[in-house]
>>> print(open('input.txt').read())   # compact mmCIF, N, CA and C atoms
# COMPACT_ATOMS: atom_id res chain seq x y z
N VAL S 644 36.14 108.53 58.85
CA VAL S 644 34.77 108.71 59.30
C VAL S 644 34.01 107.38 59.28
N ILE S 645 34.18 106.61 58.23
CA ILE S 645 33.47 105.34 58.13
C ILE S 645 33.93 104.39 59.23
N LYS S 646 35.22 104.40 59.51
CA LYS S 646 35.75 103.57 60.60
C LYS S 646 35.09 103.96 61.92
N VAL S 647 34.95 105.26 62.15
CA VAL S 647 34.31 105.74 63.38
C VAL S 647 32.86 105.25 63.45
N PHE S 648 32.16 105.28 62.32
CA PHE S 648 30.79 104.77 62.29
C PHE S 648 30.75 103.31 62.73
N HIS S 649 31.62 102.49 62.15
CA HIS S 649 31.62 101.05 62.45
C HIS S 649 32.06 100.75 63.88
N GLU S 650 32.81 101.64 64.50
CA GLU S 650 33.28 101.42 65.87
C GLU S 650 32.27 101.89 66.92
N GLN S 651 31.16 102.44 66.50
CA GLN S 651 30.12 102.87 67.44
C GLN S 651 29.45 101.65 68.08
N PRO S 652 28.78 101.87 69.21
CA PRO S 652 28.03 100.77 69.83
C PRO S 652 26.94 100.24 68.89
N ARG S 653 26.65 98.99 69.02
CA ARG S 653 25.63 98.34 68.18
C ARG S 653 24.29 99.07 68.25
N GLU S 654 23.95 99.59 69.43
CA GLU S 654 22.67 100.28 69.60
C GLU S 654 22.56 101.51 68.71
N VAL S 655 23.67 102.19 68.49
CA VAL S 655 23.68 103.38 67.63
C VAL S 655 23.56 102.97 66.17
N LYS S 656 24.33 101.96 65.77
CA LYS S 656 24.31 101.53 64.37
C LYS S 656 22.97 100.93 63.95
N LYS S 657 22.30 100.26 64.88
CA LYS S 657 21.05 99.59 64.50
C LYS S 657 19.96 100.57 64.08
N GLU S 658 20.09 101.83 64.47
CA GLU S 658 19.13 102.84 64.02
C GLU S 658 19.20 103.02 62.50
N TRP S 659 20.32 102.68 61.89
CA TRP S 659 20.52 102.84 60.46
C TRP S 659 20.34 101.53 59.70
N TYR S 660 20.16 100.41 60.41
CA TYR S 660 20.08 99.11 59.77
C TYR S 660 18.79 98.97 58.96
N SER S 661 18.93 98.56 57.71
CA SER S 661 17.77 98.34 56.86
C SER S 661 18.17 97.55 55.62
N ARG S 662 17.25 96.77 55.11
CA ARG S 662 17.43 96.10 53.82
C ARG S 662 16.58 96.77 52.74
N ASP S 663 15.99 97.90 53.08
CA ASP S 663 15.13 98.64 52.15
C ASP S 663 15.99 99.38 51.13
N HIS S 664 15.98 98.93 49.90
CA HIS S 664 16.80 99.52 48.84
C HIS S 664 16.33 100.91 48.43
N LYS S 665 15.20 101.34 48.91
CA LYS S 665 14.69 102.68 48.58
C LYS S 665 15.32 103.77 49.44
N LEU S 666 15.96 103.38 50.55
CA LEU S 666 16.58 104.36 51.44
C LEU S 666 17.90 104.84 50.86
N ASN S 667 18.18 106.12 50.99
CA ASN S 667 19.43 106.67 50.46
C ASN S 667 20.62 106.43 51.37
N VAL S 668 20.38 106.26 52.66
CA VAL S 668 21.44 105.94 53.61
C VAL S 668 20.98 104.73 54.40
N ARG S 669 21.78 103.67 54.37
CA ARG S 669 21.42 102.48 55.13
C ARG S 669 22.65 101.68 55.51
N TYR S 670 22.51 100.94 56.57
CA TYR S 670 23.56 100.09 57.11
C TYR S 670 23.06 98.65 57.02
N PHE S 671 23.87 97.76 56.51
CA PHE S 671 23.44 96.37 56.37
C PHE S 671 24.65 95.45 56.40
N CYS S 672 24.40 94.17 56.51
CA CYS S 672 25.46 93.17 56.42
C CYS S 672 24.96 92.03 55.56
N ASN S 673 25.89 91.32 54.97
CA ASN S 673 25.55 90.17 54.15
C ASN S 673 24.51 90.54 53.09
N GLY S 674 24.84 91.51 52.27
CA GLY S 674 23.92 92.05 51.28
C GLY S 674 23.41 91.07 50.26
N ASP S 675 24.14 89.99 50.01
CA ASP S 675 23.71 89.01 49.01
C ASP S 675 23.23 87.71 49.66
N LEU S 676 22.74 87.79 50.87
CA LEU S 676 22.33 86.61 51.63
C LEU S 676 21.35 85.72 50.88
N LEU S 677 20.42 86.31 50.19
CA LEU S 677 19.37 85.52 49.54
C LEU S 677 19.76 84.97 48.18
N VAL S 678 20.90 85.37 47.64
CA VAL S 678 21.30 84.90 46.31
C VAL S 678 22.64 84.18 46.29
N ALA S 679 23.46 84.37 47.30
CA ALA S 679 24.79 83.75 47.32
C ALA S 679 24.73 82.34 47.89
N LYS S 680 25.65 81.49 47.45
CA LYS S 680 25.73 80.13 47.98
C LYS S 680 26.33 80.12 49.39
N ALA S 681 27.17 81.09 49.68
CA ALA S 681 27.81 81.19 51.00
C ALA S 681 27.59 82.59 51.56
N ALA S 682 27.47 82.66 52.87
CA ALA S 682 27.28 83.96 53.52
C ALA S 682 28.57 84.77 53.43
N ASN S 683 28.42 86.05 53.22
CA ASN S 683 29.55 86.97 53.12
C ASN S 683 29.34 88.02 54.21
N TRP S 684 29.78 87.74 55.42
CA TRP S 684 29.52 88.63 56.56
C TRP S 684 30.39 89.85 56.48
N ARG S 685 29.77 90.96 56.11
CA ARG S 685 30.50 92.22 55.97
C ARG S 685 29.54 93.35 56.29
N ASP S 686 29.87 94.13 57.30
CA ASP S 686 29.06 95.30 57.65
C ASP S 686 29.32 96.41 56.64
N THR S 687 28.26 97.02 56.16
CA THR S 687 28.37 98.04 55.13
C THR S 687 27.45 99.21 55.45
N ILE S 688 27.96 100.42 55.26
CA ILE S 688 27.09 101.59 55.28
C ILE S 688 27.10 102.13 53.86
N MET S 689 25.91 102.39 53.33
CA MET S 689 25.79 102.79 51.93
C MET S 689 25.13 104.16 51.83
N PHE S 690 25.68 104.98 50.96
CA PHE S 690 25.12 106.29 50.65
C PHE S 690 24.77 106.28 49.17
N ASP S 691 23.51 106.39 48.84
CA ASP S 691 23.05 106.31 47.45
C ASP S 691 22.82 107.72 46.91
N PHE S 692 23.67 108.12 45.96
CA PHE S 692 23.58 109.45 45.35
C PHE S 692 22.92 109.38 43.97
N HIS S 693 22.22 108.28 43.68
CA HIS S 693 21.63 108.07 42.36
C HIS S 693 20.71 109.22 41.96
N ASP S 694 19.96 109.75 42.90
CA ASP S 694 19.02 110.83 42.60
C ASP S 694 19.60 112.21 42.85
N GLY S 695 20.92 112.31 43.00
CA GLY S 695 21.57 113.59 43.24
C GLY S 695 22.13 113.68 44.64
N PRO S 696 22.62 114.85 45.00
CA PRO S 696 23.24 115.03 46.32
C PRO S 696 22.24 114.78 47.45
N LEU S 697 22.76 114.26 48.54
CA LEU S 697 21.93 114.02 49.72
C LEU S 697 22.02 115.20 50.68
N ASP S 698 20.98 115.42 51.40
CA ASP S 698 20.98 116.41 52.47
C ASP S 698 21.89 115.87 53.58
N PRO S 699 22.91 116.62 54.00
CA PRO S 699 23.81 116.14 55.05
C PRO S 699 23.08 115.73 56.33
N GLN S 700 21.89 116.25 56.56
CA GLN S 700 21.12 115.85 57.74
C GLN S 700 20.66 114.39 57.64
N ALA S 701 20.72 113.82 56.43
CA ALA S 701 20.33 112.43 56.24
C ALA S 701 21.45 111.47 56.64
N TYR S 702 22.66 111.99 56.84
CA TYR S 702 23.81 111.15 57.20
C TYR S 702 23.79 110.84 58.69
N PRO S 703 24.37 109.72 59.09
CA PRO S 703 24.60 109.49 60.52
C PRO S 703 25.44 110.65 61.08
N LEU S 704 25.22 110.98 62.32
CA LEU S 704 25.88 112.13 62.94
C LEU S 704 27.39 112.10 62.77
N VAL S 705 28.03 110.95 62.97
CA VAL S 705 29.49 110.88 62.87
C VAL S 705 29.99 111.03 61.44
N CYS S 706 29.10 110.95 60.45
CA CYS S 706 29.50 111.06 59.05
C CYS S 706 29.28 112.45 58.48
N ARG S 707 28.76 113.36 59.28
CA ARG S 707 28.49 114.72 58.79
C ARG S 707 29.74 115.55 58.78
>>> encode(input="input.txt", output="structure tokens")
Amino acid sequence: VIKVFHEQPREVKKEWYSRDHKLNVRYFCNGDLLVAKAANWRDTIMFDFHDGPLDPQAYPLVCR
């Protein structure tokens, strides 16, 4: 499923792009850009379950 997410067109993925750590589902790259000495280019989709289970409607469509 995650592979399918990453293989989607850029226009679809950008709807999920955010650096806002308060979001439970977000897509980002180079997560340590502001603290690392070198860029680490890696696309990541993150699901944060810290506050408990997420509503499946919060997931990208291909991840449901």
>>> closest_residue(input="input.txt", among="S:Ala679, S:Ser661, S:Glu654, S:Val668", to="Pro703 of chain S", atoms="all atoms listed in the file")
S:Val668
>>> closest_residue(input="input.txt", among="S:Val705, S:Met689, S:Leu697, S:Ile645", to="Tyr660 of chain S", atoms="only C-alpha atoms")
S:Met689
>>> select_by_dssp(input="input.txt", residues="chain S", states="alpha helix (DSSP H)", output="NGL selection string")
:S and (645-649 or 653-656)
>>> atom_distance(input="input.txt", atom1="atom CA of Asp663 of chain S", atom2="atom CA of Ile688 of chain S")
12.7 Å
>>> select_by_dssp(input="input.txt", residues="chain S", states="strand (DSSP E or B)", output="list in words")
Tyr660, Val668, Arg669, Tyr670, Phe671, Cys672, Asp686, Thr687, Ile688, Met689 and Phe690 of chain S
>>> atom_distance(input="input.txt", atom1="atom CA of Phe690 of chain S", atom2="atom CA of His649 of chain S")
14.5 Å
>>> atom_distance(input="input.txt", atom1="atom C of Phe692 of chain S", atom2="atom C of Arg669 of chain S")
13.9 Å
